[in-house]
Amino acid sequence: MMLLAIIFLPCLGTVSGNPLIPRDAPSESISSPLPSSASITLPIPSAESTCYTSSQWLVISNTSIFWPTSTNYLYGPTTGPGATDVICAAQWMQYYVRSTGLSQLGATATSTVTTSSPTSTGACRTSTYAEGYVDVHTGPVTTLCDGYPRALGPRETAKRYYPGTGPCNTFSQTETITTTLYRMPSALPDCKPQLEGCIGVWQTYSSLSSEYEASITAPIPGDIKSPLRPLNCPNTAKENPEKDPCAACHFLPGTATMYYWPVTTANGDLCAQNGTTIPATPTGDGPNTAILGDHTLVSPTVYISFTSIYAWSNRRNGHQCGVSHYNEMISVPATAITSRRGHRNARYPIMGTPYPFNFAEFLPQTVGNYTQSLIPWPQYRGGSQCPVYDPSCTMVRDDYLPFIEMPEVATSIDPDWANCDRSWFIPAVTLVPIHDGTAVAPSPTPEPEMMAAADAAPQGIMAAPTPSPTSELGW
């Protein structure tokens, strides 16, 4: 494996006021001894090196390199607001041009370092999590009239091993790294120009560039009248300004929970969905009510809460529309809820197919010793817990999270959202029925629990890390 670095040349120490240091390394690393396993191979010089400056040029080994001075490239005032950004931008211009010139002289040496890192095979670590569509359900399973297997009871705890199965085995793995070394002019500038101060810098550069191009027929190497691009200065032209990010936008909701009044039926068939509706037990005179925090929920209205919600332009490099909102709740008529089966959130989403939402599909039914909702297969397969194109999702489990199209009333949270697409990026909602005037917010889903075997790694050797699970596409 080849890497780029630099080597200190004493003759350049008189050129700049800063010592030469390796790129992206602290200055004290110059005097640090090399690892015992490292070696440096230096070329044999063919002639005595020369190194001196003359005006805007560095002469090294009889080769001239353009060697600009930052004070010639102060594109703006050096006092008052933005002065630090003007000075910082000039320092970076000097650094980039000098570095480019020196790198064109070629490599000066190579360094070879042999490293040793711990690794492991076998079941050294495990993670536990609620079972998903790829896991084997070890509990009771039934097949009803729709012909698809259903896991009875709550989701089980599944376990995965990392890096694999079998006995844990730890050992060290060696790697040889060859680094190519180059000359560098000085330490990296320790400043970072800011956007506001760089607006004037780029404007000055643009003006100077136009004047220079109009005054010459061909570029003159090393001409200090030729402006240098302030590469390390943020460029407002690259910030992709947008006149109105709300003209075409989409929602970006956080965790969503839908509280609903369950529909109870009797003597119905799972597949035909032809049971007789039984009214809910009244909680008092008039519509049923329930208390959830500071909110009073009133039947038959459905309530959707968001831990966070904001909107973003549909442009590839768009901007936020409106502001971010947190812990918001909207009330929606039960008949206005639409699900989207086979939907996936992404920069280029799969929109899914819209269907009216039937709350009778979630009523608890008794099967053997278990009472749970029996979600029809088409609804379950179209939910967020089943990947759209993965045929491995073949069993109905107690983990249904439907994608709900953003209700029109969601635009009431922020008046700037009136034109936002309600089907692009939509929430996968946790369904919470309201029973006996009580609505209970769901507990947060716990993160997978990581456990390392007691004898997984001897003292002094680290076991390999466990990768984090990837989530749905989003941004």
# chains A, B, ... in the order shown; residues from 1 in each chain; ligands from 1

call {"tool": "select_by_dssp", "arguments": {"residues": "stretch 57-153 of chain A", "states": "alpha helix (DSSP H)", "output": "PyMOL selection string"}}
result
chain A and resi 83-103

call {"tool": "residues_around", "arguments": {"residues": "A:Ala130", "least_positions_apart": "4", "cutoff": "9 Å", "atoms": "only C-alpha atoms", "output": "CSV table (one decimal) with C-alpha atoms, in the first residue's frame"}}
result
chain,number,residue,atom,x,y,z
A,155,ARG,CA,-41.1,-10.9,18.9
A,156,GLU,CA,-38.3,-13.1,20.2
A,157,THR,CA,-34.8,-12.0,21.0
A,158,ALA,CA,-32.4,-13.0,18.2
A,159,LYS,CA,-28.6,-13.2,18.4
A,448,PRO,CA,-28.8,-3.9,20.2

call {"tool": "select_by_dssp", "arguments": {"residues": "stretch 30-228 of chain A", "states": "strand (DSSP E)", "output": "mmCIF file with N, CA and C atoms, in the first residue's frame"}}
result
data_model
loop_
_atom_site.group_PDB
_atom_site.id
_atom_site.type_symbol
_atom_site.label_atom_id
_atom_site.label_comp_id
_atom_site.auth_asym_id
_atom_site.auth_seq_id
_atom_site.Cartn_x
_atom_site.Cartn_y
_atom_site.Cartn_z
ATOM 1 N N SER A 39 11.845 1.695 8.412
ATOM 2 C CA SER A 39 13.114 1.974 7.743
ATOM 3 C C SER A 39 12.888 3.005 6.662
ATOM 4 N N ILE A 40 13.866 3.877 6.443
ATOM 5 C CA ILE A 40 13.793 4.901 5.401
ATOM 6 C C ILE A 40 14.933 4.673 4.423
ATOM 7 N N THR A 41 14.598 4.690 3.136
ATOM 8 C CA THR A 41 15.604 4.562 2.088
ATOM 9 C C THR A 41 15.746 5.900 1.405
ATOM 10 N N CYS A 51 20.013 25.763 -2.531
ATOM 11 C CA CYS A 51 18.674 26.112 -2.075
ATOM 12 C C CYS A 51 18.677 27.569 -1.645
ATOM 13 N N TYR A 52 18.036 28.445 -2.427
ATOM 14 C CA TYR A 52 17.950 29.839 -2.036
ATOM 15 C C TYR A 52 16.745 30.463 -2.748
ATOM 16 N N THR A 53 16.317 31.625 -2.259
ATOM 17 C CA THR A 53 15.203 32.335 -2.869
ATOM 18 C C THR A 53 15.710 33.565 -3.589
ATOM 19 N N SER A 54 14.992 33.916 -4.663
ATOM 20 C CA SER A 54 15.288 35.121 -5.429
ATOM 21 C C SER A 54 13.959 35.713 -5.862
ATOM 22 N N TRP A 57 10.880 33.413 -6.389
ATOM 23 C CA TRP A 57 11.308 32.111 -6.879
ATOM 24 C C TRP A 57 12.181 31.427 -5.836
ATOM 25 N N LEU A 58 12.089 30.117 -5.801
ATOM 26 C CA LEU A 58 12.981 29.270 -5.006
ATOM 27 C C LEU A 58 13.843 28.495 -5.985
ATOM 28 N N VAL A 59 15.149 28.544 -5.770
ATOM 29 C CA VAL A 59 16.077 27.771 -6.591
ATOM 30 C C VAL A 59 16.582 26.624 -5.736
ATOM 31 N N ILE A 60 16.309 25.416 -6.143
ATOM 32 C CA ILE A 60 16.731 24.232 -5.402
ATOM 33 C C ILE A 60 17.279 23.212 -6.397
ATOM 34 N N THR A 63 16.946 24.080 -9.997
ATOM 35 C CA THR A 63 15.588 24.137 -10.546
ATOM 36 C C THR A 63 14.840 25.287 -9.901
ATOM 37 N N SER A 64 14.166 26.119 -10.711
ATOM 38 C CA SER A 64 13.428 27.262 -10.192
ATOM 39 C C SER A 64 11.961 26.893 -9.980
ATOM 40 N N ILE A 65 11.446 27.272 -8.810
ATOM 41 C CA ILE A 65 10.053 27.002 -8.449
ATOM 42 C C ILE A 65 9.393 28.312 -8.052
ATOM 43 N N PHE A 66 8.210 28.568 -8.591
ATOM 44 C CA PHE A 66 7.473 29.769 -8.197
ATOM 45 C C PHE A 66 7.200 29.703 -6.700
ATOM 46 N N ALA A 109 12.298 10.172 -0.885
ATOM 47 C CA ALA A 109 12.658 8.970 -0.139
ATOM 48 C C ALA A 109 11.420 8.100 -0.002
ATOM 49 N N THR A 110 11.624 6.900 0.503
ATOM 50 C CA THR A 110 10.510 6.016 0.849
ATOM 51 C C THR A 110 10.709 5.510 2.266
ATOM 52 N N SER A 111 9.611 5.261 2.934
ATOM 53 C CA SER A 111 9.652 4.737 4.294
ATOM 54 C C SER A 111 8.804 3.475 4.359
ATOM 55 N N THR A 112 9.356 2.451 4.960
ATOM 56 C CA THR A 112 8.632 1.185 5.091
ATOM 57 C C THR A 112 8.406 0.893 6.570
ATOM 58 N N VAL A 113 7.156 0.676 6.932
ATOM 59 C CA VAL A 113 6.794 0.394 8.318
ATOM 60 C C VAL A 113 5.976 -0.892 8.360
ATOM 61 N N THR A 114 6.323 -1.788 9.243
ATOM 62 C CA THR A 114 5.566 -3.017 9.440
ATOM 63 C C THR A 114 4.735 -2.872 10.709
ATOM 64 N N THR A 115 3.430 -2.999 10.567
ATOM 65 C CA THR A 115 2.524 -2.847 11.707
ATOM 66 C C THR A 115 1.903 -4.191 12.067
ATOM 67 N N SER A 116 1.469 -4.293 13.298
ATOM 68 C CA SER A 116 0.810 -5.499 13.785
ATOM 69 C C SER A 116 -0.489 -5.086 14.452
ATOM 70 N N SER A 117 -1.594 -5.655 13.994
ATOM 71 C CA SER A 117 -2.895 -5.307 14.548
ATOM 72 C C SER A 117 -3.649 -6.567 14.956
ATOM 73 N N PRO A 118 -4.412 -6.498 16.040
ATOM 74 C CA PRO A 118 -5.145 -7.672 16.501
ATOM 75 C C PRO A 118 -6.364 -7.946 15.623
ATOM 76 N N THR A 119 -6.705 -9.187 15.452
ATOM 77 C CA THR A 119 -7.916 -9.576 14.742
ATOM 78 C C THR A 119 -8.422 -10.871 15.349
ATOM 79 N N SER A 120 -9.555 -11.322 14.900
ATOM 80 C CA SER A 120 -10.136 -12.529 15.491
ATOM 81 C C SER A 120 -11.054 -13.219 14.502
ATOM 82 N N THR A 121 -11.308 -14.497 14.760
ATOM 83 C CA THR A 121 -12.280 -15.277 14.005
ATOM 84 C C THR A 121 -13.173 -15.988 15.010
ATOM 85 N N ARG A 125 -17.859 -12.092 19.732
ATOM 86 C CA ARG A 125 -18.804 -11.129 20.270
ATOM 87 C C ARG A 125 -20.198 -11.480 19.767
ATOM 88 N N THR A 126 -21.189 -11.114 20.522
ATOM 89 C CA THR A 126 -22.567 -11.355 20.117
ATOM 90 C C THR A 126 -23.372 -10.074 20.276
ATOM 91 N N SER A 127 -24.432 -9.958 19.502
ATOM 92 C CA SER A 127 -25.384 -8.861 19.656
ATOM 93 C C SER A 127 -26.775 -9.456 19.743
ATOM 94 N N THR A 128 -27.593 -8.920 20.608
ATOM 95 C CA THR A 128 -28.971 -9.371 20.757
ATOM 96 C C THR A 128 -29.898 -8.252 20.327
ATOM 97 N N TYR A 129 -31.020 -8.608 19.721
ATOM 98 C CA TYR A 129 -31.955 -7.638 19.181
ATOM 99 C C TYR A 129 -33.292 -8.343 18.957
ATOM 100 N N ALA A 130 -34.326 -7.551 18.749
ATOM 101 C CA ALA A 130 -35.641 -8.120 18.465
ATOM 102 C C ALA A 130 -35.627 -8.748 17.072
ATOM 103 N N VAL A 141 -45.948 -21.213 15.509
ATOM 104 C CA VAL A 141 -46.293 -20.593 14.228
ATOM 105 C C VAL A 141 -47.603 -21.201 13.756
ATOM 106 N N THR A 142 -48.453 -20.384 13.162
ATOM 107 C CA THR A 142 -49.718 -20.889 12.619
ATOM 108 C C THR A 142 -49.902 -20.354 11.208
ATOM 109 N N THR A 143 -50.695 -21.059 10.426
ATOM 110 C CA THR A 143 -51.058 -20.607 9.082
ATOM 111 C C THR A 143 -52.568 -20.522 9.014
ATOM 112 N N PRO A 149 -47.497 -18.095 6.948
ATOM 113 C CA PRO A 149 -47.193 -18.415 8.338
ATOM 114 C C PRO A 149 -47.174 -17.159 9.199
ATOM 115 N N ARG A 150 -47.618 -17.317 10.446
ATOM 116 C CA ARG A 150 -47.647 -16.207 11.393
ATOM 117 C C ARG A 150 -46.961 -16.638 12.677
ATOM 118 N N ALA A 151 -46.077 -15.791 13.148
ATOM 119 C CA ALA A 151 -45.426 -16.040 14.425
ATOM 120 C C ALA A 151 -46.389 -15.624 15.530
ATOM 121 N N THR A 157 -36.121 -12.652 21.026
ATOM 122 C CA THR A 157 -34.791 -12.048 21.023
ATOM 123 C C THR A 157 -33.876 -12.891 20.150
ATOM 124 N N ALA A 158 -33.320 -12.273 19.141
ATOM 125 C CA ALA A 158 -32.412 -12.967 18.233
ATOM 126 C C ALA A 158 -30.971 -12.617 18.603
ATOM 127 N N LYS A 159 -30.055 -13.407 18.097
ATOM 128 C CA LYS A 159 -28.641 -13.208 18.431
ATOM 129 C C LYS A 159 -27.801 -13.355 17.172
ATOM 130 N N ARG A 160 -26.821 -12.471 17.050
ATOM 131 C CA ARG A 160 -25.865 -12.575 15.963
ATOM 132 C C ARG A 160 -24.461 -12.637 16.532
ATOM 133 N N TYR A 161 -23.565 -13.247 15.756
ATOM 134 C CA TYR A 161 -22.187 -13.403 16.203
ATOM 135 C C TYR A 161 -21.268 -12.608 15.274
ATOM 136 N N TYR A 162 -20.207 -12.059 15.865
ATOM 137 C CA TYR A 162 -19.224 -11.349 15.067
ATOM 138 C C TYR A 162 -17.827 -11.734 15.561
ATOM 139 N N ASN A 169 -11.128 -17.178 18.236
ATOM 140 C CA ASN A 169 -9.686 -17.295 18.056
ATOM 141 C C ASN A 169 -9.134 -15.908 17.756
ATOM 142 N N THR A 170 -8.233 -15.424 18.596
ATOM 143 C CA THR A 170 -7.636 -14.104 18.382
ATOM 144 C C THR A 170 -6.166 -14.263 18.028
ATOM 145 N N PHE A 171 -5.692 -13.366 17.173
ATOM 146 C CA PHE A 171 -4.305 -13.419 16.754
ATOM 147 C C PHE A 171 -3.922 -12.055 16.188
ATOM 148 N N SER A 172 -2.630 -11.870 15.911
ATOM 149 C CA SER A 172 -2.130 -10.618 15.350
ATOM 150 C C SER A 172 -1.902 -10.779 13.859
ATOM 151 N N GLN A 173 -2.194 -9.700 13.139
ATOM 152 C CA GLN A 173 -2.025 -9.703 11.690
ATOM 153 C C GLN A 173 -1.065 -8.576 11.315
ATOM 154 N N THR A 174 -0.039 -8.909 10.542
ATOM 155 C CA THR A 174 0.970 -7.915 10.182
ATOM 156 C C THR A 174 0.680 -7.325 8.807
ATOM 157 N N GLU A 175 1.128 -6.091 8.609
ATOM 158 C CA GLU A 175 0.950 -5.407 7.334
ATOM 159 C C GLU A 175 2.151 -4.490 7.118
ATOM 160 N N THR A 176 2.661 -4.496 5.921
ATOM 161 C CA THR A 176 3.784 -3.635 5.565
ATOM 162 C C THR A 176 3.270 -2.455 4.756
ATOM 163 N N ILE A 177 3.587 -1.252 5.234
ATOM 164 C CA ILE A 177 3.129 -0.025 4.585
ATOM 165 C C ILE A 177 4.340 0.722 4.055
ATOM 166 N N THR A 178 4.344 0.984 2.764
ATOM 167 C CA THR A 178 5.417 1.751 2.132
ATOM 168 C C THR A 178 4.906 3.157 1.864
ATOM 169 N N THR A 179 5.602 4.144 2.388
ATOM 170 C CA THR A 179 5.197 5.537 2.266
ATOM 171 C C THR A 179 6.204 6.281 1.404
ATOM 172 N N THR A 180 5.691 7.036 0.431
ATOM 173 C CA THR A 180 6.548 7.860 -0.407
ATOM 174 C C THR A 180 6.647 9.244 0.211
ATOM 175 N N LEU A 181 7.859 9.760 0.335
ATOM 176 C CA LEU A 181 8.089 11.031 1.020
ATOM 177 C C LEU A 181 8.397 12.147 0.032
ATOM 178 N N TYR A 182 7.788 13.307 0.274
ATOM 179 C CA TYR A 182 7.970 14.466 -0.585
ATOM 180 C C TYR A 182 8.380 15.680 0.239
#

call {"tool": "residues_around", "arguments": {"residues": "A:Cys88", "least_positions_apart": "5", "cutoff": "7 Å", "atoms": "only C-alpha atoms", "output": "PyMOL selection string"}}
result
chain A and resi 191-193

call {"tool": "residues_around", "arguments": {"residues": "A:Ser339", "least_positions_apart": "2", "cutoff": "6 Å", "atoms": "only C-alpha atoms", "output": "ChimeraX atom specification"}}
result
/A:354-355,357,403-405

call {"tool": "write_last_selection", "arguments": {"atoms": "C-alpha atoms", "output": "short mmCIF file (atom, residue, chain, number, x, y, z; two decimals), in the first residue's frame"}}
result
data_model
loop_
_atom_site.label_atom_id
_atom_site.label_comp_id
_atom_site.auth_asym_id
_atom_site.auth_seq_id
_atom_site.Cartn_x
_atom_site.Cartn_y
_atom_site.Cartn_z
CA PRO A 354 -51.69 4.23 -1.68
CA TYR A 355 -54.45 2.39 0.19
CA PHE A 357 -56.28 2.66 6.13
CA PHE A 403 -45.79 3.78 6.04
CA ILE A 404 -48.38 6.54 6.46
CA GLU A 405 -48.70 9.31 3.88
#
